[in-house]
$ cat input-v1.tsv   # TSV, C-alpha atoms
chain	number	residue	atom	x	y	z
Q	13	MET	CA	-86.61	31.77	-27.07
Q	14	LYS	CA	-89.97	31.58	-25.34
Q	15	GLY	CA	-90.00	29.82	-21.99
Q	16	GLU	CA	-86.25	29.79	-21.50
Q	17	ILE	CA	-85.50	33.38	-20.62
Q	18	ASP	CA	-83.27	34.12	-17.65
Q	19	TYR	CA	-84.51	37.52	-16.47
Q	20	SER	CA	-81.94	37.87	-13.64
Q	21	LEU	CA	-80.15	40.95	-14.92
Q	22	TYR	CA	-82.22	42.92	-17.39
Q	23	LEU	CA	-80.41	45.85	-18.99
Q	24	CYS	CA	-82.33	48.86	-20.29
Q	25	THR	CA	-80.28	51.12	-22.51
Q	26	ASP	CA	-80.16	54.88	-22.07
Q	27	ARG	CA	-77.93	56.94	-24.31
Q	28	GLY	CA	-78.41	59.99	-22.11
Q	29	LEU	CA	-76.91	58.31	-19.05
Q	30	MET	CA	-74.29	56.01	-20.49
Q	31	THR	CA	-70.56	56.41	-19.88
Q	32	SER	CA	-69.72	54.43	-23.03
Q	33	ALA	CA	-69.19	56.23	-26.33
Q	34	THR	CA	-71.97	54.27	-28.08
Q	35	ILE	CA	-75.04	52.21	-27.20
Q	36	GLU	CA	-73.33	49.22	-28.83
Q	37	GLU	CA	-70.33	49.52	-26.48
Q	38	SER	CA	-72.65	49.98	-23.52
Q	39	VAL	CA	-74.62	46.85	-24.41
Q	40	GLU	CA	-71.58	44.75	-25.16
Q	41	ALA	CA	-69.93	45.67	-21.85
Q	42	ALA	CA	-73.14	44.82	-19.98
Q	43	VAL	CA	-73.62	41.41	-21.61
Q	44	ARG	CA	-69.92	40.58	-21.17
Q	45	GLY	CA	-70.45	41.33	-17.49
Q	46	GLY	CA	-73.45	39.02	-17.38
Q	47	ALA	CA	-76.63	40.95	-18.31
Q	48	THR	CA	-79.09	38.21	-19.25
Q	49	VAL	CA	-81.60	40.34	-21.21
Q	50	VAL	CA	-81.23	43.60	-23.15
Q	51	GLN	CA	-84.00	46.07	-23.80
Q	52	LEU	CA	-83.30	48.77	-26.35
Q	53	ARG	CA	-85.12	51.93	-25.38
Q	54	GLU	CA	-84.85	54.97	-27.59
Q	55	LYS	CA	-87.25	57.85	-27.32
Q	56	ASP	CA	-85.31	60.68	-28.90
Q	57	CYS	CA	-84.09	59.49	-32.26
Q	58	SER	CA	-85.68	58.92	-35.64
Q	59	SER	CA	-87.23	55.59	-36.54
Q	60	ARG	CA	-84.43	55.04	-39.04
Q	61	GLU	CA	-81.73	55.55	-36.41
Q	62	PHE	CA	-83.61	53.31	-33.96
Q	63	TYR	CA	-83.87	50.61	-36.64
Q	64	GLU	CA	-80.21	50.81	-37.64
Q	65	LEU	CA	-79.11	50.78	-34.01
Q	66	GLY	CA	-81.42	47.82	-33.43
Q	67	LEU	CA	-79.74	45.86	-36.21
Q	68	ARG	CA	-76.31	46.50	-34.69
Q	69	VAL	CA	-77.42	45.66	-31.15
Q	70	ARG	CA	-79.21	42.55	-32.43
Q	71	GLU	CA	-75.89	41.39	-33.83
Q	72	ILE	CA	-74.24	41.84	-30.41
Q	73	THR	CA	-76.96	40.15	-28.36
Q	74	ALA	CA	-77.14	37.24	-30.82
Q	75	ARG	CA	-73.39	36.76	-30.53
Q	76	TYR	CA	-73.70	36.50	-26.74
Q	77	GLY	CA	-76.93	34.48	-26.84
Q	78	VAL	CA	-78.86	37.12	-24.92
Q	79	PRO	CA	-82.49	37.93	-25.78
Q	80	LEU	CA	-83.25	41.40	-27.11
Q	81	PHE	CA	-86.43	43.35	-26.41
Q	82	VAL	CA	-87.33	46.59	-28.15
Q	83	ASN	CA	-89.22	49.20	-26.17
Q	84	ASP	CA	-92.56	50.32	-27.55
Q	85	ARG	CA	-91.91	49.84	-31.28
Q	86	ALA	CA	-93.23	46.45	-32.37
Q	87	ASP	CA	-92.40	47.31	-35.98
Q	88	ILE	CA	-88.75	47.91	-35.15
Q	89	ALA	CA	-88.66	44.74	-33.03
Q	90	LEU	CA	-89.96	42.78	-36.04
Q	91	ALA	CA	-87.69	44.53	-38.51
Q	92	VAL	CA	-84.49	43.88	-36.56
Q	93	GLY	CA	-85.47	40.33	-35.56
Q	94	ALA	CA	-85.65	41.01	-31.82
Q	95	ASP	CA	-86.99	38.38	-29.44
Q	96	GLY	CA	-89.64	40.61	-27.99
Q	97	VAL	CA	-91.31	43.92	-27.41
Q	98	HIS	CA	-91.69	45.71	-24.11
Q	99	VAL	CA	-94.74	47.94	-23.78
Q	100	GLY	CA	-95.73	50.41	-21.12
Q	101	GLN	CA	-99.25	51.48	-20.27
Q	102	SER	CA	-99.02	54.30	-22.86
Q	103	ASP	CA	-97.75	52.05	-25.64
Q	104	LEU	CA	-99.58	49.61	-27.90
Q	105	PRO	CA	-101.76	47.25	-25.87
Q	106	CYS	CA	-100.30	43.79	-25.29
Q	107	ARG	CA	-103.10	42.15	-27.28
Q	108	ALA	CA	-102.44	44.41	-30.27
Q	109	VAL	CA	-98.75	43.50	-30.23
Q	110	ARG	CA	-99.63	39.79	-29.99
Q	111	ALA	CA	-101.92	40.16	-32.99
Q	112	ILE	CA	-99.34	41.76	-35.27
Q	113	ALA	CA	-96.28	39.89	-33.96
Q	114	PRO	CA	-97.49	36.43	-32.97
Q	115	GLY	CA	-94.05	34.92	-32.42
Q	116	MET	CA	-92.73	37.72	-30.20
Q	117	LEU	CA	-92.36	37.75	-26.47
Q	118	VAL	CA	-94.24	40.67	-24.93
Q	119	GLY	CA	-93.35	42.31	-21.63
Q	120	VAL	CA	-95.63	44.82	-19.99
Q	121	SER	CA	-94.87	47.55	-17.43
Q	122	ALA	CA	-97.18	47.53	-14.41
Q	123	SER	CA	-97.18	49.92	-11.50
Q	124	SER	CA	-100.19	48.49	-9.68
Q	125	LEU	CA	-101.85	45.18	-8.86
Q	126	ALA	CA	-104.69	45.95	-11.28
Q	127	GLU	CA	-102.30	46.63	-14.17
Q	128	ALA	CA	-100.32	43.49	-13.37
Q	129	VAL	CA	-103.39	41.24	-13.31
Q	130	GLN	CA	-104.68	42.79	-16.54
Q	131	ALA	CA	-101.32	42.33	-18.24
Q	132	GLU	CA	-101.23	38.64	-17.36
Q	133	ARG	CA	-104.81	38.27	-18.61
Q	134	ASP	CA	-103.77	39.99	-21.86
Q	135	GLY	CA	-101.09	37.37	-22.37
Q	136	ALA	CA	-97.93	39.18	-21.25
Q	137	ASP	CA	-94.87	36.95	-21.02
Q	138	TYR	CA	-93.42	38.87	-18.10
Q	139	LEU	CA	-94.02	42.03	-16.08
Q	140	GLY	CA	-91.75	44.97	-15.43
Q	141	VAL	CA	-92.96	46.19	-12.06
Q	142	GLY	CA	-92.00	49.62	-10.76
Q	143	ALA	CA	-90.81	52.16	-10.22
Q	144	MET	CA	-89.72	50.48	-6.99
Q	145	PHE	CA	-87.68	53.49	-5.87
Q	146	ALA	CA	-87.39	57.09	-6.95
Q	147	THR	CA	-85.07	57.33	-9.92
Q	148	GLY	CA	-83.43	59.93	-12.07
Q	149	THR	CA	-84.35	57.97	-15.22
Q	150	LYS	CA	-88.11	58.25	-14.84
Q	151	THR	CA	-88.94	61.07	-12.51
Q	152	ASP	CA	-92.71	60.88	-13.05
Q	153	ALA	CA	-93.07	57.16	-12.36
Q	154	ALA	CA	-95.33	56.01	-9.52
Q	155	ILE	CA	-93.60	54.26	-6.64
Q	156	VAL	CA	-94.69	50.66	-6.05
Q	157	SER	CA	-94.55	49.67	-2.38
Q	158	MET	CA	-92.98	46.40	-1.28
Q	159	GLU	CA	-96.45	45.32	-0.10
Q	160	GLU	CA	-97.94	45.92	-3.56
Q	161	LEU	CA	-95.06	44.04	-5.17
Q	162	GLU	CA	-95.76	41.09	-2.86
Q	163	ALA	CA	-99.48	41.26	-3.72
Q	164	ILE	CA	-98.57	41.24	-7.44
Q	165	ARG	CA	-96.27	38.24	-6.90
Q	166	ARG	CA	-99.12	36.34	-5.22
Q	167	ALA	CA	-101.61	37.33	-7.94
Q	168	VAL	CA	-99.71	36.47	-11.13
Q	169	SER	CA	-97.68	33.47	-12.21
Q	170	ILE	CA	-95.61	35.05	-15.03
Q	171	PRO	CA	-92.05	36.25	-14.37
Q	172	ILE	CA	-91.62	39.59	-12.63
Q	173	VAL	CA	-88.72	41.95	-13.19
Q	174	VAL	CA	-88.44	44.88	-10.79
Q	175	ILE	CA	-87.39	48.24	-12.18
Q	176	GLY	CA	-86.74	51.76	-10.93
Q	177	GLY	CA	-83.88	52.56	-8.61
Q	178	ILE	CA	-82.48	49.01	-8.71
Q	179	ASN	CA	-78.79	48.99	-7.78
Q	180	LYS	CA	-76.39	47.21	-5.48
Q	181	GLN	CA	-77.81	49.01	-2.45
Q	182	THR	CA	-81.45	48.12	-3.21
Q	183	ILE	CA	-81.12	44.60	-4.66
Q	184	PRO	CA	-80.97	42.91	-1.22
Q	185	ALA	CA	-84.51	44.20	-0.49
Q	186	PHE	CA	-85.89	41.68	-3.03
Q	187	ARG	CA	-84.35	38.55	-1.53
Q	188	GLY	CA	-86.80	35.73	-0.94
Q	189	LYS	CA	-89.67	37.53	-2.64
Q	190	GLY	CA	-89.92	35.30	-5.70
Q	191	ILE	CA	-88.88	38.02	-8.12
Q	192	ASP	CA	-87.30	36.81	-11.35
Q	193	GLY	CA	-85.03	39.65	-12.22
Q	194	ALA	CA	-83.68	43.13	-11.69
Q	195	ALA	CA	-83.99	45.66	-14.49
Q	196	VAL	CA	-81.33	48.33	-14.35
Q	197	VAL	CA	-80.38	51.37	-16.30
Q	198	SER	CA	-77.93	53.69	-14.59
Q	199	ALA	CA	-76.55	51.01	-12.22
Q	200	ILE	CA	-74.89	49.60	-15.33
Q	201	VAL	CA	-74.76	52.12	-18.15
Q	202	ALA	CA	-73.84	55.13	-16.02
Q	203	GLN	CA	-70.98	53.36	-14.22
Q	204	PRO	CA	-67.32	53.98	-15.03
Q	205	ASP	CA	-66.94	50.25	-15.79
Q	206	PRO	CA	-70.32	48.90	-17.01
Q	207	GLU	CA	-68.98	45.36	-17.43
Q	208	ALA	CA	-67.74	45.19	-13.83
Q	209	ALA	CA	-70.96	46.78	-12.62
Q	210	ALA	CA	-73.05	44.16	-14.43
Q	211	ARG	CA	-70.91	41.36	-13.02
Q	212	GLU	CA	-71.27	42.66	-9.47
Q	213	LEU	CA	-75.05	43.15	-9.80
Q	214	LEU	CA	-75.56	39.67	-11.22
Q	215	GLN	CA	-73.57	38.09	-8.39
Q	216	LEU	CA	-75.52	40.10	-5.85
Q	217	TRP	CA	-78.85	39.15	-7.48
Q	218	LYS	CA	-77.98	35.46	-7.55
Q	219	SER	CA	-76.61	35.36	-4.00
Y	24	MET	CA	-106.74	47.91	-52.18
Y	25	LYS	CA	-103.51	47.64	-54.10
Y	26	GLY	CA	-103.57	48.96	-57.63
Y	27	GLU	CA	-106.85	50.79	-57.38
Y	28	ILE	CA	-105.93	53.84	-55.33
Y	29	ASP	CA	-107.12	57.24	-56.46
Y	30	TYR	CA	-104.44	59.58	-55.14
Y	31	SER	CA	-106.10	62.77	-56.41
Y	32	LEU	CA	-106.68	64.44	-53.05
Y	33	TYR	CA	-104.47	63.04	-50.32
Y	34	LEU	CA	-105.21	64.39	-46.86
Y	35	CYS	CA	-102.49	64.46	-44.18
Y	36	THR	CA	-103.83	65.09	-40.69
Y	37	ASP	CA	-102.36	67.67	-38.36
Y	38	ARG	CA	-103.92	68.22	-34.98
Y	39	GLY	CA	-101.88	71.36	-34.44
Y	40	LEU	CA	-103.37	73.10	-37.48
Y	41	MET	CA	-106.91	71.79	-37.64
Y	42	THR	CA	-109.96	73.95	-37.13
Y	43	SER	CA	-112.08	70.93	-36.17
Y	44	ALA	CA	-112.42	69.89	-32.52
Y	45	THR	CA	-111.02	66.40	-33.16
Y	46	ILE	CA	-108.95	64.56	-35.76
Y	47	GLU	CA	-111.98	62.35	-36.41
Y	48	GLU	CA	-114.12	65.37	-37.33
Y	49	SER	CA	-111.33	66.79	-39.44
Y	50	VAL	CA	-110.96	63.51	-41.36
Y	51	GLU	CA	-114.68	62.97	-41.79
Y	52	ALA	CA	-115.20	66.49	-43.14
Y	53	ALA	CA	-112.33	66.01	-45.60
Y	54	VAL	CA	-113.55	62.67	-46.92
Y	55	ARG	CA	-117.12	63.97	-47.18
Y	56	GLY	CA	-115.69	66.77	-49.29
Y	57	GLY	CA	-113.91	64.26	-51.51
Y	58	ALA	CA	-110.47	63.48	-50.07
Y	59	THR	CA	-109.51	60.22	-51.78
Y	60	VAL	CA	-106.76	59.10	-49.37
Y	61	VAL	CA	-106.11	59.81	-45.68
Y	62	GLN	CA	-102.75	59.71	-43.99
Y	63	LEU	CA	-102.76	59.79	-40.21
Y	64	ARG	CA	-99.66	61.61	-39.01
Y	65	GLU	CA	-99.08	61.96	-35.29
Y	66	LYS	CA	-95.72	62.87	-33.89
Y	67	ASP	CA	-96.60	64.22	-30.46
Y	68	CYS	CA	-98.78	61.66	-28.76
Y	69	SER	CA	-98.17	58.33	-27.08
Y	70	SER	CA	-98.28	55.10	-29.06
Y	71	ARG	CA	-101.46	54.15	-27.22
Y	72	GLU	CA	-103.21	57.40	-28.21
Y	73	PHE	CA	-101.99	57.03	-31.80
Y	74	TYR	CA	-103.32	53.46	-31.88
Y	75	GLU	CA	-106.72	54.34	-30.40
Y	76	LEU	CA	-107.06	57.31	-32.74
Y	77	GLY	CA	-106.08	55.05	-35.62
Y	78	LEU	CA	-108.86	52.62	-34.77
Y	79	ARG	CA	-111.42	55.44	-34.78
Y	80	VAL	CA	-110.12	56.97	-38.02
Y	81	ARG	CA	-110.00	53.52	-39.61
Y	82	GLU	CA	-113.71	53.18	-38.88
Y	83	ILE	CA	-114.40	56.51	-40.64
Y	84	THR	CA	-112.26	55.86	-43.71
Y	85	ALA	CA	-113.70	52.34	-44.07
Y	86	ARG	CA	-117.22	53.77	-43.96
Y	87	TYR	CA	-116.37	56.13	-46.82
Y	88	GLY	CA	-114.31	53.57	-48.74
Y	89	VAL	CA	-111.17	55.70	-48.55
Y	90	PRO	CA	-107.73	54.12	-48.04
Y	91	LEU	CA	-105.89	54.93	-44.82
Y	92	PHE	CA	-102.15	55.28	-44.52
Y	93	VAL	CA	-100.32	55.61	-41.20
Y	94	ASN	CA	-97.23	57.78	-41.08
Y	95	ASP	CA	-94.00	56.14	-39.94
Y	96	ARG	CA	-95.46	53.50	-37.59
Y	97	ALA	CA	-95.84	50.20	-39.42
Y	98	ASP	CA	-96.88	48.52	-36.16
Y	99	ILE	CA	-99.77	50.93	-35.68
Y	100	ALA	CA	-100.75	50.58	-39.33
Y	101	LEU	CA	-100.89	46.81	-38.87
Y	102	ALA	CA	-102.67	47.01	-35.52
Y	103	VAL	CA	-105.45	49.28	-36.77
Y	104	GLY	CA	-105.83	47.50	-40.11
Y	105	ALA	CA	-104.72	50.43	-42.26
Y	106	ASP	CA	-104.17	50.01	-45.98
Y	107	GLY	CA	-100.64	51.27	-45.91
Y	108	VAL	CA	-97.70	52.96	-44.28
Y	109	HIS	CA	-96.06	56.16	-45.38
Y	110	VAL	CA	-92.37	56.48	-44.60
Y	111	GLY	CA	-90.00	59.39	-44.86
Y	112	GLN	CA	-86.26	59.21	-45.35
Y	113	SER	CA	-85.80	59.15	-41.53
Y	114	ASP	CA	-88.34	56.37	-40.95
Y	115	LEU	CA	-88.06	52.61	-41.42
Y	116	PRO	CA	-86.70	51.77	-44.87
Y	117	CYS	CA	-89.31	50.74	-47.43
Y	118	ARG	CA	-87.82	47.25	-47.68
Y	119	ALA	CA	-88.03	46.74	-43.93
Y	120	VAL	CA	-91.71	47.74	-43.94
Y	121	ARG	CA	-92.35	45.36	-46.84
Y	122	ALA	CA	-90.70	42.54	-44.92
Y	123	ILE	CA	-92.78	42.95	-41.76
Y	124	ALA	CA	-96.04	43.98	-43.43
Y	125	PRO	CA	-96.16	42.15	-46.76
Y	126	GLY	CA	-99.76	43.05	-47.58
Y	127	MET	CA	-99.43	46.77	-46.94
Y	128	LEU	CA	-99.07	49.55	-49.43
Y	129	VAL	CA	-95.93	51.59	-48.79
Y	130	GLY	CA	-95.50	55.21	-49.74
Y	131	VAL	CA	-92.13	56.93	-49.55
Y	132	SER	CA	-91.27	60.62	-49.28
Y	133	ALA	CA	-88.69	61.79	-51.78
Y	134	SER	CA	-87.20	65.23	-52.14
Y	135	SER	CA	-84.75	64.47	-54.93
Y	136	LEU	CA	-84.45	62.41	-58.09
Y	137	ALA	CA	-82.01	60.04	-56.37
Y	138	GLU	CA	-84.40	59.38	-53.48
Y	139	ALA	CA	-87.29	58.88	-55.88
Y	140	VAL	CA	-85.43	56.36	-58.04
Y	141	GLN	CA	-84.22	54.51	-54.96
Y	142	ALA	CA	-87.74	54.37	-53.50
Y	143	GLU	CA	-89.15	52.85	-56.67
Y	144	ARG	CA	-86.29	50.34	-56.71
Y	145	ASP	CA	-87.12	49.49	-53.07
Y	146	GLY	CA	-90.66	48.66	-54.07
Y	147	ALA	CA	-92.56	51.78	-53.03
Y	148	ASP	CA	-96.19	51.86	-54.21
Y	149	TYR	CA	-96.19	55.62	-54.63
Y	150	LEU	CA	-94.01	58.66	-53.93
Y	151	GLY	CA	-94.76	61.75	-51.91
Y	152	VAL	CA	-92.58	64.36	-53.62
Y	153	GLY	CA	-91.86	67.68	-51.93
Y	154	ALA	CA	-91.80	70.02	-50.35
Y	155	MET	CA	-92.88	71.74	-53.56
Y	156	PHE	CA	-93.30	75.13	-51.88
Y	157	ALA	CA	-92.30	76.62	-48.55
Y	158	THR	CA	-94.82	75.61	-45.93
Y	159	GLY	CA	-95.61	76.27	-42.32
Y	160	THR	CA	-96.13	72.53	-41.69
Y	161	LYS	CA	-92.58	71.45	-42.41
Y	162	THR	CA	-90.30	74.42	-42.20
Y	163	ASP	CA	-87.08	72.40	-42.61
Y	164	ALA	CA	-88.12	70.57	-45.77
Y	165	ALA	CA	-86.06	70.97	-48.92
Y	166	ILE	CA	-87.80	72.64	-51.84
Y	167	VAL	CA	-88.15	70.51	-54.96
Y	168	SER	CA	-88.03	72.54	-58.16
Y	169	MET	CA	-90.56	71.99	-60.93
Y	170	GLU	CA	-87.66	70.80	-63.12
Y	171	GLU	CA	-86.72	68.14	-60.56
Y	172	LEU	CA	-90.35	67.04	-60.27
Y	173	GLU	CA	-90.48	66.64	-64.04
Y	174	ALA	CA	-87.24	64.65	-63.98
Y	175	ILE	CA	-88.70	62.40	-61.27
Y	176	ARG	CA	-91.87	61.94	-63.32
Y	177	ARG	CA	-89.80	60.85	-66.30
Y	178	ALA	CA	-87.64	58.52	-64.18
Y	179	VAL	CA	-90.25	56.55	-62.24
Y	180	SER	CA	-93.48	54.83	-63.22
Y	181	ILE	CA	-95.21	54.65	-59.81
Y	182	PRO	CA	-97.82	57.25	-58.81
Y	183	ILE	CA	-96.53	60.61	-57.59
Y	184	VAL	CA	-98.28	62.78	-55.04
Y	185	VAL	CA	-96.93	66.29	-54.62
Y	186	ILE	CA	-96.77	67.73	-51.12
Y	187	GLY	CA	-95.73	70.94	-49.41
Y	188	GLY	CA	-97.58	74.18	-49.94
Y	189	ILE	CA	-100.25	72.59	-52.13
Y	190	ASN	CA	-103.42	74.71	-52.13
Y	191	LYS	CA	-105.86	76.24	-54.57
Y	192	GLN	CA	-103.33	78.85	-55.66
Y	193	THR	CA	-100.56	76.32	-56.37
Y	194	ILE	CA	-102.53	73.36	-57.77
Y	195	PRO	CA	-102.72	74.83	-61.31
Y	196	ALA	CA	-98.92	74.66	-61.52
Y	197	PHE	CA	-99.13	70.86	-61.78
Y	198	ARG	CA	-101.50	70.67	-64.74
Y	199	GLY	CA	-100.34	68.43	-67.53
Y	200	LYS	CA	-97.33	67.16	-65.61
Y	201	GLY	CA	-98.56	63.60	-65.10
Y	202	ILE	CA	-98.81	63.92	-61.34
Y	203	ASP	CA	-101.31	61.60	-59.67
Y	204	GLY	CA	-102.38	63.58	-56.67
Y	205	ALA	CA	-102.07	66.55	-54.38
Y	206	ALA	CA	-101.27	65.96	-50.72
Y	207	VAL	CA	-102.56	68.72	-48.50
Y	208	VAL	CA	-102.55	69.52	-44.83
Y	209	SER	CA	-103.51	73.09	-43.97
Y	210	ALA	CA	-105.39	73.72	-47.26
Y	211	ILE	CA	-108.01	71.37	-45.80
Y	212	VAL	CA	-107.61	70.93	-42.05
Y	213	ALA	CA	-106.85	74.58	-41.25
Y	214	GLN	CA	-109.82	75.95	-43.26
Y	215	PRO	CA	-113.01	77.22	-41.60
Y	216	ASP	CA	-114.98	74.62	-43.61
Y	217	PRO	CA	-112.70	71.64	-44.31
Y	218	GLU	CA	-115.39	69.79	-46.27
Y	219	ALA	CA	-115.94	72.70	-48.67
Y	220	ALA	CA	-112.18	73.19	-48.94
Y	221	ALA	CA	-111.69	69.54	-49.89
Y	222	ARG	CA	-114.49	69.72	-52.46
Y	223	GLU	CA	-113.01	72.81	-54.06
Y	224	LEU	CA	-109.48	71.36	-54.15
Y	225	LEU	CA	-110.67	68.11	-55.70
Y	226	GLN	CA	-112.60	69.96	-58.41
Y	227	LEU	CA	-109.58	72.12	-59.10
Y	228	TRP	CA	-107.27	69.08	-59.24
Y	229	LYS	CA	-109.54	67.20	-61.62
Y	230	SER	CA	-110.19	70.19	-63.88
$ encode --input "input-v1.tsv" --output "structure tokens"
Amino acid sequence: MKGEIDYSLYLCTDRGLMTSATIEESVEAAVRGGATVVQLREKDCSSREFYELGLRVREITARYGVPLFVNDRADIALAVGADGVHVGQSDLPCRAVRAIAPGMLVGVSASSLAEAVQAERDGADYLGVGAMFATGTKTDAAIVSMEELEAIRRAVSIPIVVIGGINKQTIPAFRGKGIDGAAVVSAIVAQPDPEAAARELLQLWKS
Amino acid sequence: MKGEIDYSLYLCTDRGLMTSATIEESVEAAVRGGATVVQLREKDCSSREFYELGLRVREITARYGVPLFVNDRADIALAVGADGVHVGQSDLPCRAVRAIAPGMLVGVSASSLAEAVQAERDGADYLGVGAMFATGTKTDAAIVSMEELEAIRRAVSIPIVVIGGINKQTIPAFRGKGIDGAAVVSAIVAQPDPEAAARELLQLWKS
């Protein structure tokens, strides 16, 4: 799928925040509403559960033609046939993931210009830049200023997805800044109607 | 290294129990004392820390010619160039590890005859059978009776390493039972002199 990814509306799962009964329902509602990428992020379950969930979510994203990234676990990404791996600064280094999973897309989280430049140098396919705003999902994340985001945009040529406090109120702040997508967690999964929420966010992002 | 592993004294690391200042020191003392296999087991650190530690431990085990297994994380095993992965019943299935890491040895934990037979069928290279005795390391582990161990030994042909409460007091219980090795945690890493402890355990196992 390399080179053809539409990063516009990038869903990150969160079983702790979701209104749906299962991750699968949460993901399916989001992609029906228009989420263009799904990242499966599971920190509090066993590897076996993560793997089995990954297989089920892979089936859903494949059916809708949406790329699937797995957070942190390159082995689970490989085992479920995901399109890519997303790594933070505390996860496996981008180069290590490339070495063990040559065909995979690799996204890297960056919260500074230095991290962003390094990630591009390491061969990242896209950046997740944030947290842009304070958020309940990641309370310890550094806040990236709009000026730093603009400096990152000037410095790297790979796609940038903004993350952290992205919702319908904050999306307009990114207009005209050359950002490729909005990564959201609670603005979709925590809404009473995740499908409608995704649809509204995608329209707002594209407008 | 396939097919030539000496499982006699199988060290599992545990940074919470070790008397050494670092995992590296703990591992080096154990292999100097005669540990024949090392399994790196890290549940409470970031993937990046696990990876970087794995690289350093890989350097030590390679220097002593001792095979290195990584617990649970096939991606980290691949990234650090370990010899194998050890998976429990809540980790990636053996077959999934085989598929993504074809050259790796795969060990599987089994605490019953059914799990042991299934693991061999799935292509496991060896079994870790236990917990044989109550242990402070894994307080929720099921106890495997000596009768069940003997039934497992009769049912499978792959090497068996016993684990859980294995120490100099309990090792004699396995004499003449066709078991290939003793996996130990605290009986080495928690001792005042891990090297001497490993030496004594190996002598006892081989006697």
$ interface_residues --input "input-v1.tsv" --of "chain Y" --to "chain Q" --cutoff "8 Å" --atoms "only C-alpha atoms" --output "list in words"
Ser69, Ser70, Arg71, Glu72, Tyr74, Asp95, Arg96, Ala97, Asp98, Ile99, Leu101, Ala102, Gln112, Ser113, Asp114, Leu115, Pro116, Ala119, Val120, Ala122 and Ile123 of chain Y
$ residues_around --input "input-v1.tsv" --residues "Q:Ser20" --least-positions-apart "5" --cutoff "9 Å" --atoms "only C-alpha atoms" --output "ChimeraX atom specification"
/Q:47-49,173,191-195,214,217-218
$ atom_distance --input "input-v1.tsv" --atom1 "atom CA of Q:Ile155" --atom2 "atom CA of Q:Cys24"
18.5 Å
$ closest_residue --input "input-v1.tsv" --among "Q:Gly115, Q:Val78, Q:Ile175, Q:Val69" --to "Q:Val197" --atoms "only C-alpha atoms"
Q:Ile175
$ residues_near_point --input "input-v1.tsv" --point "(-116.5, 68.0, -51.5)" --cutoff "9 Å" --atoms "all atoms listed in the file" --output "list of chain:residue names"
Y:Ala52, Y:Ala53, Y:Val54, Y:Arg55, Y:Gly56, Y:Gly57, Y:Ala58, Y:Pro217, Y:Glu218, Y:Ala219, Y:Ala220, Y:Ala221, Y:Arg222, Y:Glu223, Y:Leu224, Y:Leu225, Y:Gln226
$ residues_near_point --input "input-v1.tsv" --point "(-74.5, 40.9, -28.4)" --cutoff "10 Å" --atoms "all atoms listed in the file" --output "list of chain:residue names"
Q:Glu36, Q:Glu37, Q:Val39, Q:Glu40, Q:Ala41, Q:Ala42, Q:Val43, Q:Arg44, Q:Val50, Q:Arg68, Q:Val69, Q:Arg70, Q:Glu71, Q:Ile72, Q:Thr73, Q:Ala74, Q:Arg75, Q:Tyr76, Q:Gly77, Q:Val78, Q:Pro79, Q:Leu80
$ write_last_selection --input "input-v1.tsv" --atoms "C-alpha atoms" --output "JSON list (two decimals), in the coordinates of the input"
[["chain", "number", "residue", "atom", "x", "y", "z"],
["Q", 36, "GLU", "CA", -73.33, 49.22, -28.83],
["Q", 37, "GLU", "CA", -70.33, 49.52, -26.48],
["Q", 39, "VAL", "CA", -74.62, 46.85, -24.41],
["Q", 40, "GLU", "CA", -71.58, 44.75, -25.16],
["Q", 41, "ALA", "CA", -69.93, 45.67, -21.85],
["Q", 42, "ALA", "CA", -73.14, 44.82, -19.98],
["Q", 43, "VAL", "CA", -73.62, 41.41, -21.61],
["Q", 44, "ARG", "CA", -69.92, 40.58, -21.17],
["Q", 50, "VAL", "CA", -81.23, 43.60, -23.15],
["Q", 68, "ARG", "CA", -76.31, 46.50, -34.69],
["Q", 69, "VAL", "CA", -77.42, 45.66, -31.15],
["Q", 70, "ARG", "CA", -79.21, 42.55, -32.43],
["Q", 71, "GLU", "CA", -75.89, 41.39, -33.83],
["Q", 72, "ILE", "CA", -74.24, 41.84, -30.41],
["Q", 73, "THR", "CA", -76.96, 40.15, -28.36],
["Q", 74, "ALA", "CA", -77.14, 37.24, -30.82],
["Q", 75, "ARG", "CA", -73.39, 36.76, -30.53],
["Q", 76, "TYR", "CA", -73.70, 36.50, -26.74],
["Q", 77, "GLY", "CA", -76.93, 34.48, -26.84],
["Q", 78, "VAL", "CA", -78.86, 37.12, -24.92],
["Q", 79, "PRO", "CA", -82.49, 37.93, -25.78],
["Q", 80, "LEU", "CA", -83.25, 41.40, -27.11]]
$ closest_residue --input "input-v1.tsv" --among "Y:Leu76, Y:Leu40, Y:Ala139, Y:Leu34" --to "Y:Arg176" --atoms "only C-alpha atoms"
Y:Ala139
$ atom_distance --input "input-v1.tsv" --atom1 "atom CA of Q:Ser169" --atom2 "atom CA of Q:Ser219"
22.7 Å
$ atom_distance --input "input-v1.tsv" --atom1 "atom CA of Y:Ile175" --atom2 "atom CA of Y:Val129"
18.0 Å
$ residues_around --input "input-v1.tsv" --residues "Y:Ala137" --least-positions-apart "5" --cutoff "12 Å" --atoms "only C-alpha atoms" --output "ChimeraX atom specification"
/Y:112,132,142-144,152,171-172,174-175,178-179
$ closest_residue --input "input-v1.tsv" --among "Q:Ser198, Q:Gln130, Q:Gln181, Q:Ser157" --to "Q:Ser32" --atoms "all atoms listed in the file"
Q:Ser198
$ residues_around --input "input-v1.tsv" --residues "Y:Arg64" --least-positions-apart "6" --cutoff "7 Å" --atoms "only C-alpha atoms" --output "ChimeraX atom specification"
/Y:35-37,93-94
$ residues_around --input "input-v1.tsv" --residues "Q:Leu117" --least-positions-apart "3" --cutoff "9 Å" --atoms "all atoms listed in the file" --output "list in words"
Met13, Lys14, Phe81, Asp95, Gly96, Val97, His98, Arg110, Ala113, Pro114, Ala136, Asp137 and Tyr138 of chain Q
